$ cat work_34.pdb   # PDB, C-alpha atoms, pLDDT in the B column
ATOM      1  CA  MET Q   1      -9.495  -6.367 -40.187  1.00 41.00           C
ATOM      2  CA  SER Q   2     -12.548  -7.748 -41.945  1.00 47.00           C
ATOM      3  CA  ARG Q   3     -14.958  -5.188 -43.417  1.00 50.00           C
ATOM      4  CA  ARG Q   4     -17.855  -7.627 -43.599  1.00 55.00           C
ATOM      5  CA  LYS Q   5     -21.514  -6.582 -43.688  1.00 64.00           C
ATOM      6  CA  LEU Q   6     -22.822  -5.784 -40.249  1.00 76.00           C
ATOM      7  CA  ASP Q   7     -26.608  -6.057 -39.815  1.00 83.00           C
ATOM      8  CA  GLY Q   8     -28.185  -3.949 -37.087  1.00 86.00           C
ATOM      9  CA  MET Q   9     -31.732  -4.001 -35.804  1.00 84.00           C
ATOM     10  CA  MET Q  10     -33.744  -2.530 -32.968  1.00 83.00           C
ATOM     11  CA  THR Q  11     -34.943  -5.203 -30.537  1.00 85.00           C
ATOM     12  CA  SER Q  12     -36.693  -2.952 -27.996  1.00 87.00           C
ATOM     13  CA  GLU Q  13     -37.018   0.752 -27.182  1.00 89.00           C
ATOM     14  CA  ARG Q  14     -33.593   0.629 -25.516  1.00 91.00           C
ATOM     15  CA  THR Q  15     -31.683  -2.120 -27.334  1.00 93.00           C
ATOM     16  CA  LEU Q  16     -29.969  -2.718 -30.639  1.00 94.00           C
ATOM     17  CA  ARG Q  17     -28.546  -5.997 -31.865  1.00 94.00           C
ATOM     18  CA  PHE Q  18     -25.811  -6.285 -34.450  1.00 93.00           C
ATOM     19  CA  ASP Q  19     -25.395  -9.573 -36.291  1.00 92.00           C
ATOM     20  CA  PHE Q  20     -22.001 -10.534 -37.699  1.00 87.00           C
ATOM     21  CA  GLY Q  21     -23.223 -13.720 -39.368  1.00 83.00           C
ATOM     22  CA  SER Q  22     -21.177 -16.882 -39.272  1.00 78.00           C
ATOM     23  CA  ILE Q  23     -17.670 -16.157 -37.968  1.00 74.00           C
ATOM     24  CA  GLU Q  24     -14.765 -18.383 -37.010  1.00 70.00           C
ATOM     25  CA  ASP Q  25     -12.943 -15.948 -34.730  1.00 70.00           C
ATOM     26  CA  ASN Q  26     -15.130 -14.119 -32.276  1.00 76.00           C
ATOM     27  CA  SER Q  27     -12.431 -11.579 -31.410  1.00 79.00           C
ATOM     28  CA  ILE Q  28     -14.162  -9.313 -33.951  1.00 84.00           C
ATOM     29  CA  LEU Q  29     -17.151  -9.259 -31.580  1.00 85.00           C
ATOM     30  CA  GLN Q  30     -14.973  -8.153 -28.679  1.00 84.00           C
ATOM     31  CA  GLU Q  31     -13.446  -5.463 -30.874  1.00 87.00           C
ATOM     32  CA  PHE Q  32     -16.952  -4.276 -31.738  1.00 91.00           C
ATOM     33  CA  CYS Q  33     -17.895  -4.222 -28.027  1.00 90.00           C
ATOM     34  CA  ASP Q  34     -14.842  -2.085 -27.270  1.00 89.00           C
ATOM     35  CA  PHE Q  35     -15.690   0.137 -30.252  1.00 91.00           C
ATOM     36  CA  ILE Q  36     -19.228   0.709 -28.917  1.00 94.00           C
ATOM     37  CA  GLU Q  37     -18.090   1.262 -25.333  1.00 92.00           C
ATOM     38  CA  GLN Q  38     -15.507   3.823 -26.475  1.00 90.00           C
ATOM     39  CA  GLY Q  39     -17.683   5.698 -28.968  1.00 91.00           C
ATOM     40  CA  TRP Q  40     -21.039   5.761 -27.177  1.00 93.00           C
ATOM     41  CA  LYS Q  41     -20.101   5.307 -23.516  1.00 89.00           C
ATOM     42  CA  VAL Q  42     -22.422   8.096 -22.334  1.00 92.00           C
ATOM     43  CA  LEU Q  43     -25.442   6.323 -23.870  1.00 92.00           C
ATOM     44  CA  VAL Q  44     -24.504   2.695 -23.233  1.00 94.00           C
ATOM     45  CA  GLU Q  45     -25.623   0.785 -20.170  1.00 94.00           C
ATOM     46  CA  GLU Q  46     -24.265  -2.628 -21.197  1.00 93.00           C
ATOM     47  CA  VAL Q  47     -22.782  -4.385 -24.234  1.00 93.00           C
ATOM     48  CA  VAL Q  48     -23.374  -8.138 -24.458  1.00 89.00           C
ATOM     49  CA  PRO Q  49     -21.523 -10.293 -27.003  1.00 86.00           C
ATOM     50  CA  SER Q  50     -22.733 -13.731 -28.043  1.00 82.00           C
ATOM     51  CA  TYR Q  51     -21.510 -16.198 -30.675  1.00 80.00           C
ATOM     52  CA  GLU Q  52     -22.436 -14.087 -33.709  1.00 86.00           C
ATOM     53  CA  THR Q  53     -24.226 -11.051 -32.294  1.00 89.00           C
ATOM     54  CA  VAL Q  54     -23.678  -8.085 -30.014  1.00 92.00           C
ATOM     55  CA  THR Q  55     -26.619  -6.582 -28.126  1.00 93.00           C
ATOM     56  CA  ILE Q  56     -26.321  -3.025 -26.876  1.00 95.00           C
ATOM     57  CA  TYR Q  57     -28.469  -1.870 -23.957  1.00 95.00           C
ATOM     58  CA  PHE Q  58     -28.847   1.890 -23.788  1.00 94.00           C
ATOM     59  CA  ASN Q  59     -29.593   3.907 -20.662  1.00 92.00           C
ATOM     60  CA  ARG Q  60     -32.595   5.597 -22.306  1.00 88.00           C
ATOM     61  CA  ASN Q  61     -35.100   5.009 -25.098  1.00 88.00           C
ATOM     62  CA  LEU Q  62     -33.802   5.424 -28.630  1.00 88.00           C
ATOM     63  CA  ASN Q  63     -35.678   8.133 -30.510  1.00 87.00           C
ATOM     64  CA  ASN Q  64     -34.124   7.415 -33.887  1.00 89.00           C
ATOM     65  CA  ALA Q  65     -32.744   3.887 -33.792  1.00 90.00           C
ATOM     66  CA  ASN Q  66     -32.283   3.623 -37.568  1.00 90.00           C
ATOM     67  CA  ALA Q  67     -30.074   6.723 -37.639  1.00 92.00           C
ATOM     68  CA  LEU Q  68     -28.010   5.343 -34.762  1.00 93.00           C
ATOM     69  CA  ILE Q  69     -27.644   1.975 -36.504  1.00 93.00           C
ATOM     70  CA  ASP Q  70     -26.492   3.754 -39.670  1.00 93.00           C
ATOM     71  CA  GLU Q  71     -24.015   5.882 -37.686  1.00 93.00           C
ATOM     72  CA  ILE Q  72     -22.555   2.859 -35.873  1.00 94.00           C
ATOM     73  CA  GLN Q  73     -22.240   0.864 -39.099  1.00 92.00           C
ATOM     74  CA  MET Q  74     -20.636   3.759 -40.959  1.00 92.00           C
ATOM     75  CA  LYS Q  75     -18.109   4.495 -38.201  1.00 92.00           C
ATOM     76  CA  TRP Q  76     -17.336   0.781 -37.771  1.00 91.00           C
ATOM     77  CA  ASN Q  77     -16.634   0.416 -41.486  1.00 88.00           C
ATOM     78  CA  ILE Q  78     -14.300   3.429 -41.708  1.00 88.00           C
ATOM     79  CA  ARG Q  79     -12.420   2.954 -38.427  1.00 84.00           C
ATOM     80  CA  PRO Q  80      -8.662   2.473 -38.635  1.00 78.00           C
ATOM     81  CA  ASP Q  81      -7.524  -1.094 -38.089  1.00 69.00           C
ATOM     82  CA  THR Q  82      -5.261   0.022 -35.265  1.00 59.00           C
ATOM     83  CA  GLN Q  83      -7.958   1.944 -33.414  1.00 52.00           C
ATOM     84  CA  LEU Q  84      -8.763  -0.782 -30.887  1.00 53.00           C
ATOM     85  CA  ASN Q  85      -6.347  -2.419 -28.500  1.00 60.00           C
ATOM     86  CA  MET Q  86      -7.961  -5.547 -27.171  1.00 60.00           C
ATOM     87  CA  THR Q  87      -6.895  -6.765 -23.795  1.00 67.00           C
ATOM     88  CA  LYS Q  88      -6.927 -10.518 -23.486  1.00 72.00           C
ATOM     89  CA  ARG Q  89      -6.290 -12.424 -20.343  1.00 78.00           C
ATOM     90  CA  GLN Q  90      -5.663 -16.051 -19.727  1.00 85.00           C
ATOM     91  CA  ILE Q  91      -7.216 -17.862 -16.819  1.00 86.00           C
ATOM     92  CA  ARG Q  92      -5.902 -21.256 -15.775  1.00 88.00           C
ATOM     93  CA  ILE Q  93      -8.463 -23.606 -14.291  1.00 87.00           C
ATOM     94  CA  PRO Q  94      -7.194 -26.643 -12.422  1.00 89.00           C
ATOM     95  CA  VAL Q  95      -8.926 -29.884 -13.411  1.00 89.00           C
ATOM     96  CA  CYS Q  96      -8.882 -33.195 -11.594  1.00 90.00           C
ATOM     97  CA  TYR Q  97      -9.413 -36.268 -13.771  1.00 90.00           C
ATOM     98  CA  GLU Q  98      -9.405 -38.856 -10.987  1.00 89.00           C
ATOM     99  CA  GLU Q  99     -12.382 -41.198 -11.119  1.00 83.00           C
ATOM    100  CA  ALA Q 100     -13.974 -39.832  -7.922  1.00 87.00           C
ATOM    101  CA  PHE Q 101     -14.114 -36.329  -9.445  1.00 86.00           C
ATOM    102  CA  GLY Q 102     -14.398 -37.033 -13.182  1.00 80.00           C
ATOM    103  CA  GLU Q 103     -17.876 -38.521 -13.148  1.00 81.00           C
ATOM    104  CA  ASP Q 104     -18.322 -38.283 -16.928  1.00 86.00           C
ATOM    105  CA  LEU Q 105     -14.838 -39.409 -17.953  1.00 90.00           C
ATOM    106  CA  SER Q 106     -15.840 -43.061 -18.448  1.00 90.00           C
ATOM    107  CA  LYS Q 107     -18.844 -41.993 -20.567  1.00 90.00           C
ATOM    108  CA  VAL Q 108     -16.592 -39.817 -22.730  1.00 93.00           C
ATOM    109  CA  MET Q 109     -14.154 -42.704 -23.239  1.00 94.00           C
ATOM    110  CA  GLU Q 110     -17.031 -45.058 -24.063  1.00 94.00           C
ATOM    111  CA  ASN Q 111     -18.584 -42.657 -26.598  1.00 94.00           C
ATOM    112  CA  THR Q 112     -15.331 -41.641 -28.267  1.00 96.00           C
ATOM    113  CA  GLY Q 113     -13.306 -44.845 -28.086  1.00 96.00           C
ATOM    114  CA  LEU Q 114     -10.415 -42.860 -26.610  1.00 96.00           C
ATOM    115  CA  THR Q 115      -8.275 -43.883 -23.662  1.00 95.00           C
ATOM    116  CA  ASN Q 116      -8.201 -41.965 -20.390  1.00 93.00           C
ATOM    117  CA  GLU Q 117      -4.826 -40.458 -21.328  1.00 94.00           C
ATOM    118  CA  GLU Q 118      -6.035 -39.452 -24.814  1.00 96.00           C
ATOM    119  CA  VAL Q 119      -9.125 -37.708 -23.391  1.00 95.00           C
ATOM    120  CA  ILE Q 120      -7.025 -35.802 -20.865  1.00 94.00           C
ATOM    121  CA  SER Q 121      -4.458 -34.828 -23.510  1.00 95.00           C
ATOM    122  CA  LEU Q 122      -7.130 -33.598 -25.926  1.00 96.00           C
ATOM    123  CA  HIS Q 123      -9.017 -31.755 -23.183  1.00 94.00           C
ATOM    124  CA  THR Q 124      -5.975 -29.967 -21.764  1.00 93.00           C
ATOM    125  CA  GLY Q 125      -4.325 -29.251 -25.127  1.00 92.00           C
ATOM    126  CA  PRO Q 126      -6.128 -26.182 -26.477  1.00 91.00           C
ATOM    127  CA  SER Q 127      -6.733 -22.749 -25.046  1.00 88.00           C
ATOM    128  CA  TYR Q 128     -10.462 -22.119 -24.951  1.00 86.00           C
ATOM    129  CA  THR Q 129     -12.117 -18.823 -25.833  1.00 81.00           C
ATOM    130  CA  VAL Q 130     -15.099 -17.554 -23.845  1.00 80.00           C
ATOM    131  CA  PHE Q 131     -17.707 -16.717 -26.493  1.00 76.00           C
ATOM    132  CA  ALA Q 132     -20.486 -15.800 -24.087  1.00 74.00           C
ATOM    133  CA  ILE Q 133     -21.550 -15.950 -20.481  1.00 74.00           C
ATOM    134  CA  GLY Q 134     -24.666 -18.058 -20.383  1.00 71.00           C
ATOM    135  CA  PHE Q 135     -28.022 -18.389 -18.745  1.00 69.00           C
ATOM    136  CA  LEU Q 136     -26.538 -19.589 -15.472  1.00 74.00           C
ATOM    137  CA  GLN Q 137     -24.657 -16.773 -13.781  1.00 75.00           C
ATOM    138  CA  GLY Q 138     -20.961 -17.075 -14.566  1.00 77.00           C
ATOM    139  CA  PHE Q 139     -21.399 -20.101 -16.863  1.00 81.00           C
ATOM    140  CA  PRO Q 140     -19.067 -19.589 -19.837  1.00 82.00           C
ATOM    141  CA  TYR Q 141     -19.751 -20.933 -23.318  1.00 80.00           C
ATOM    142  CA  LEU Q 142     -16.373 -21.865 -24.739  1.00 82.00           C
ATOM    143  CA  GLY Q 143     -14.997 -22.180 -28.246  1.00 81.00           C
ATOM    144  CA  GLY Q 144     -12.002 -24.216 -29.295  1.00 83.00           C
ATOM    145  CA  PHE Q 145     -13.215 -27.543 -27.929  1.00 87.00           C
ATOM    146  CA  PRO Q 146     -11.640 -30.528 -29.728  1.00 93.00           C
ATOM    147  CA  PRO Q 147     -14.293 -32.183 -31.928  1.00 92.00           C
ATOM    148  CA  GLU Q 148     -12.833 -35.599 -31.066  1.00 95.00           C
ATOM    149  CA  LEU Q 149     -14.299 -35.164 -27.567  1.00 94.00           C
ATOM    150  CA  SER Q 150     -17.838 -34.382 -28.716  1.00 92.00           C
ATOM    151  CA  VAL Q 151     -20.402 -36.702 -27.158  1.00 93.00           C
ATOM    152  CA  PRO Q 152     -24.210 -36.697 -27.091  1.00 90.00           C
ATOM    153  CA  ARG Q 153     -25.863 -34.466 -24.503  1.00 85.00           C
ATOM    154  CA  VAL Q 154     -26.987 -36.226 -21.351  1.00 80.00           C
ATOM    155  CA  THR Q 155     -30.697 -36.255 -20.512  1.00 83.00           C
ATOM    156  CA  ASN Q 156     -30.046 -35.433 -16.831  1.00 77.00           C
ATOM    157  CA  PRO Q 157     -26.972 -33.237 -16.348  1.00 68.00           C
TER     158      PRO Q 157
END
$ encode --input "work_34.pdb" --output "structure tokens"
Amino acid sequence: MSRRKLDGMMTSERTLRFDFGSIEDNSILQEFCDFIEQGWKVLVEEVVPSYETVTIYFNRNLNNANALIDEIQMKWNIRPDTQLNMTKRQIRIPVCYEEAFGEDLSKVMENTGLTNEEVISLHTGPSYTVFAIGFLQGFPYLGGFPPELSVPRVTNP
């Protein structure tokens, strides 16, 4: 388990944000969320992971946020590696690539120079990791997307 520097800061009277910096595997963020939920469950209202940060919403104002940040950082750094047992689940999402349903498929092929079969193979090949749930309710931001399929953003989604 990485013992990298963990930066914490108060973002409101009831929230703290911890920044992990640039990371390649966001499972460390989920481990930190579990760590917070286990150690401070009486105080915690919600724990929200993002790509490189975790924001903790508390159920009351924090009187001494700096002391709490120090306590969390200290306990995180001395925890045993086997302390947390992450539960992962896999969700299979059916995808239809037929022209009537795959409205952007031709644009992807045009931008990448790949064939229909190559796009489908690259798209269905990896397992994607949900890094965050986004601004639209239930909209997941995924990691693990093949760079060969990257195309410019559309102006009108």
$ resolve_selection --input "work_34.pdb" --expression "the PyMOL selection byres ((chain Q and resi 8-23) around 8)" --output "list in words"
Arg4, Lys5, Leu6, Asp7, Glu24, Asp25, Asn26, Leu29, Glu52, Thr53, Val54, Thr55, Ile56, Tyr57, Phe58, Asn59, Arg60, Asn61, Leu62, Ala65, Asn66, Ile69 and Gln73 of chain Q
$ write_last_selection --input "work_34.pdb" --atoms "C-alpha atoms" --output "short mmCIF file (atom, residue, chain, number, x, y, z; two decimals), keeping the file's coordinate frame"
data_model
loop_
_atom_site.label_atom_id
_atom_site.label_comp_id
_atom_site.auth_asym_id
_atom_site.auth_seq_id
_atom_site.Cartn_x
_atom_site.Cartn_y
_atom_site.Cartn_z
CA ARG Q 4 -17.86 -7.63 -43.60
CA LYS Q 5 -21.51 -6.58 -43.69
CA LEU Q 6 -22.82 -5.78 -40.25
CA ASP Q 7 -26.61 -6.06 -39.82
CA GLU Q 24 -14.76 -18.38 -37.01
CA ASP Q 25 -12.94 -15.95 -34.73
CA ASN Q 26 -15.13 -14.12 -32.28
CA LEU Q 29 -17.15 -9.26 -31.58
CA GLU Q 52 -22.44 -14.09 -33.71
CA THR Q 53 -24.23 -11.05 -32.29
CA VAL Q 54 -23.68 -8.09 -30.01
CA THR Q 55 -26.62 -6.58 -28.13
CA ILE Q 56 -26.32 -3.02 -26.88
CA TYR Q 57 -28.47 -1.87 -23.96
CA PHE Q 58 -28.85 1.89 -23.79
CA ASN Q 59 -29.59 3.91 -20.66
CA ARG Q 60 -32.60 5.60 -22.31
CA ASN Q 61 -35.10 5.01 -25.10
CA LEU Q 62 -33.80 5.42 -28.63
CA ALA Q 65 -32.74 3.89 -33.79
CA ASN Q 66 -32.28 3.62 -37.57
CA ILE Q 69 -27.64 1.98 -36.50
CA GLN Q 73 -22.24 0.86 -39.10
#
$ resolve_selection --input "work_34.pdb" --expression "the PyMOL selection byres ((chain Q and resi 123) around 12)" --output "ChimeraX atom specification"
/Q:95-97,105,108,114,116-122,124-128,144-150
$ write_last_selection --input "work_34.pdb" --atoms "C-alpha atoms" --output "PDB file, in the frame of the given file"
ATOM      1  CA  VAL Q  95      -8.926 -29.884 -13.411  1.00 89.00           C
ATOM      2  CA  CYS Q  96      -8.882 -33.195 -11.594  1.00 90.00           C
ATOM      3  CA  TYR Q  97      -9.413 -36.268 -13.771  1.00 90.00           C
ATOM      4  CA  LEU Q 105     -14.838 -39.409 -17.953  1.00 90.00           C
ATOM      5  CA  VAL Q 108     -16.592 -39.817 -22.730  1.00 93.00           C
ATOM      6  CA  LEU Q 114     -10.415 -42.860 -26.610  1.00 96.00           C
ATOM      7  CA  ASN Q 116      -8.201 -41.965 -20.390  1.00 93.00           C
ATOM      8  CA  GLU Q 117      -4.826 -40.458 -21.328  1.00 94.00           C
ATOM      9  CA  GLU Q 118      -6.035 -39.452 -24.814  1.00 96.00           C
ATOM     10  CA  VAL Q 119      -9.125 -37.708 -23.391  1.00 95.00           C
ATOM     11  CA  ILE Q 120      -7.025 -35.802 -20.865  1.00 94.00           C
ATOM     12  CA  SER Q 121      -4.458 -34.828 -23.510  1.00 95.00           C
ATOM     13  CA  LEU Q 122      -7.130 -33.598 -25.926  1.00 96.00           C
ATOM     14  CA  THR Q 124      -5.975 -29.967 -21.764  1.00 93.00           C
ATOM     15  CA  GLY Q 125      -4.325 -29.251 -25.127  1.00 92.00           C
ATOM     16  CA  PRO Q 126      -6.128 -26.182 -26.477  1.00 91.00           C
ATOM     17  CA  SER Q 127      -6.733 -22.749 -25.046  1.00 88.00           C
ATOM     18  CA  TYR Q 128     -10.462 -22.119 -24.951  1.00 86.00           C
ATOM     19  CA  GLY Q 144     -12.002 -24.216 -29.295  1.00 83.00           C
ATOM     20  CA  PHE Q 145     -13.215 -27.543 -27.929  1.00 87.00           C
ATOM     21  CA  PRO Q 146     -11.640 -30.528 -29.728  1.00 93.00           C
ATOM     22  CA  PRO Q 147     -14.293 -32.183 -31.928  1.00 92.00           C
ATOM     23  CA  GLU Q 148     -12.833 -35.599 -31.066  1.00 95.00           C
ATOM     24  CA  LEU Q 149     -14.299 -35.164 -27.567  1.00 94.00           C
ATOM     25  CA  SER Q 150     -17.838 -34.382 -28.716  1.00 92.00           C
TER      26      SER Q 150
END
$ atom_distance --input "work_34.pdb" --atom1 "CA of Tyr51 (chain Q)" --atom2 "CA of Phe131 (chain Q)"
5.7 Å
$ atom_distance --input "work_34.pdb" --atom1 "CA of Ser50 (chain Q)" --atom2 "CA of Ala132 (chain Q)"
5.0 Å
$ axis_aligned_box --input "work_34.pdb" --around "region 90-95 of chain Q" --padding-each-side "8 Å" --output "JSON"
{"center_x": -7.3, "center_y": -23.0, "center_z": -16.1, "size_x": 19.3, "size_y": 29.8, "size_z": 23.3}
$ atom_distance --input "work_34.pdb" --atom1 "CA of Arg79 (chain Q)" --atom2 "CA of Val48 (chain Q)"
20.9 Å
$ decode --input "work_34.pdb" --residues "region 8-39 of chain Q" --atoms "N, CA and C atoms" --output "compact mmCIF listing (two decimals), in the first residue's frame"
# COMPACT_ATOMS: atom_id res chain seq x y z
N GLY Q 8 -4.83 17.44 3.19
CA GLY Q 8 -6.20 17.70 3.62
C GLY Q 8 -6.43 19.18 3.81
N MET Q 9 -7.66 19.61 3.51
CA MET Q 9 -8.02 21.00 3.73
C MET Q 9 -9.51 21.12 4.03
N MET Q 10 -9.85 22.13 4.78
CA MET Q 10 -11.25 22.42 5.09
C MET Q 10 -11.83 23.19 3.92
N THR Q 11 -13.00 22.77 3.42
CA THR Q 11 -13.61 23.48 2.30
C THR Q 11 -14.91 24.19 2.70
N SER Q 12 -15.44 23.88 3.86
CA SER Q 12 -16.57 24.61 4.44
C SER Q 12 -16.62 24.25 5.93
N GLU Q 13 -17.62 24.75 6.64
CA GLU Q 13 -17.72 24.46 8.07
C GLU Q 13 -17.96 22.97 8.34
N ARG Q 14 -18.45 22.26 7.32
CA ARG Q 14 -18.81 20.85 7.51
C ARG Q 14 -18.10 19.91 6.55
N THR Q 15 -17.14 20.39 5.78
CA THR Q 15 -16.50 19.50 4.80
C THR Q 15 -14.97 19.61 4.83
N LEU Q 16 -14.37 18.46 4.58
CA LEU Q 16 -12.93 18.37 4.38
C LEU Q 16 -12.70 17.71 3.04
N ARG Q 17 -11.62 18.11 2.38
CA ARG Q 17 -11.23 17.46 1.13
C ARG Q 17 -9.80 17.00 1.25
N PHE Q 18 -9.57 15.76 0.86
CA PHE Q 18 -8.23 15.19 0.86
C PHE Q 18 -7.80 14.95 -0.57
N ASP Q 19 -6.62 15.44 -0.91
CA ASP Q 19 -6.09 15.36 -2.26
C ASP Q 19 -4.97 14.35 -2.31
N PHE Q 20 -5.10 13.38 -3.21
CA PHE Q 20 -4.09 12.33 -3.36
C PHE Q 20 -3.10 12.64 -4.46
N GLY Q 21 -3.27 13.75 -5.16
CA GLY Q 21 -2.39 14.08 -6.27
C GLY Q 21 -2.64 13.14 -7.44
N SER Q 22 -1.75 13.17 -8.38
CA SER Q 22 -1.91 12.35 -9.58
C SER Q 22 -1.73 10.87 -9.23
N ILE Q 23 -2.75 10.07 -9.53
CA ILE Q 23 -2.69 8.63 -9.26
C ILE Q 23 -3.14 7.87 -10.50
N GLU Q 24 -2.62 6.67 -10.66
CA GLU Q 24 -3.00 5.84 -11.80
C GLU Q 24 -4.10 4.85 -11.44
N ASP Q 25 -4.17 4.46 -10.18
CA ASP Q 25 -5.15 3.47 -9.74
C ASP Q 25 -5.99 4.11 -8.66
N ASN Q 26 -7.26 4.37 -8.96
CA ASN Q 26 -8.06 5.09 -7.98
C ASN Q 26 -8.62 4.18 -6.89
N SER Q 27 -8.21 2.93 -6.84
CA SER Q 27 -8.68 2.06 -5.76
C SER Q 27 -8.21 2.58 -4.40
N ILE Q 28 -7.11 3.34 -4.38
CA ILE Q 28 -6.64 3.93 -3.13
C ILE Q 28 -7.68 4.92 -2.59
N LEU Q 29 -8.41 5.59 -3.49
CA LEU Q 29 -9.45 6.51 -3.06
C LEU Q 29 -10.60 5.75 -2.41
N GLN Q 30 -10.97 4.62 -2.99
CA GLN Q 30 -12.05 3.83 -2.41
C GLN Q 30 -11.62 3.27 -1.05
N GLU Q 31 -10.37 2.87 -0.95
CA GLU Q 31 -9.86 2.40 0.34
C GLU Q 31 -9.94 3.51 1.39
N PHE Q 32 -9.60 4.73 0.97
CA PHE Q 32 -9.66 5.87 1.89
C PHE Q 32 -11.12 6.14 2.29
N CYS Q 33 -12.04 6.05 1.35
CA CYS Q 33 -13.47 6.23 1.67
C CYS Q 33 -13.91 5.21 2.71
N ASP Q 34 -13.55 3.96 2.50
CA ASP Q 34 -13.90 2.91 3.47
C ASP Q 34 -13.27 3.20 4.83
N PHE Q 35 -12.01 3.65 4.80
CA PHE Q 35 -11.28 3.99 6.02
C PHE Q 35 -12.02 5.08 6.81
N ILE Q 36 -12.47 6.11 6.11
CA ILE Q 36 -13.20 7.22 6.75
C ILE Q 36 -14.54 6.73 7.28
N GLU Q 37 -15.26 5.98 6.46
CA GLU Q 37 -16.59 5.50 6.87
C GLU Q 37 -16.50 4.56 8.08
N GLN Q 38 -15.43 3.79 8.17
CA GLN Q 38 -15.26 2.89 9.31
C GLN Q 38 -14.82 3.65 10.57
N GLY Q 39 -13.90 4.57 10.42
CA GLY Q 39 -13.30 5.23 11.58
C GLY Q 39 -14.09 6.40 12.14
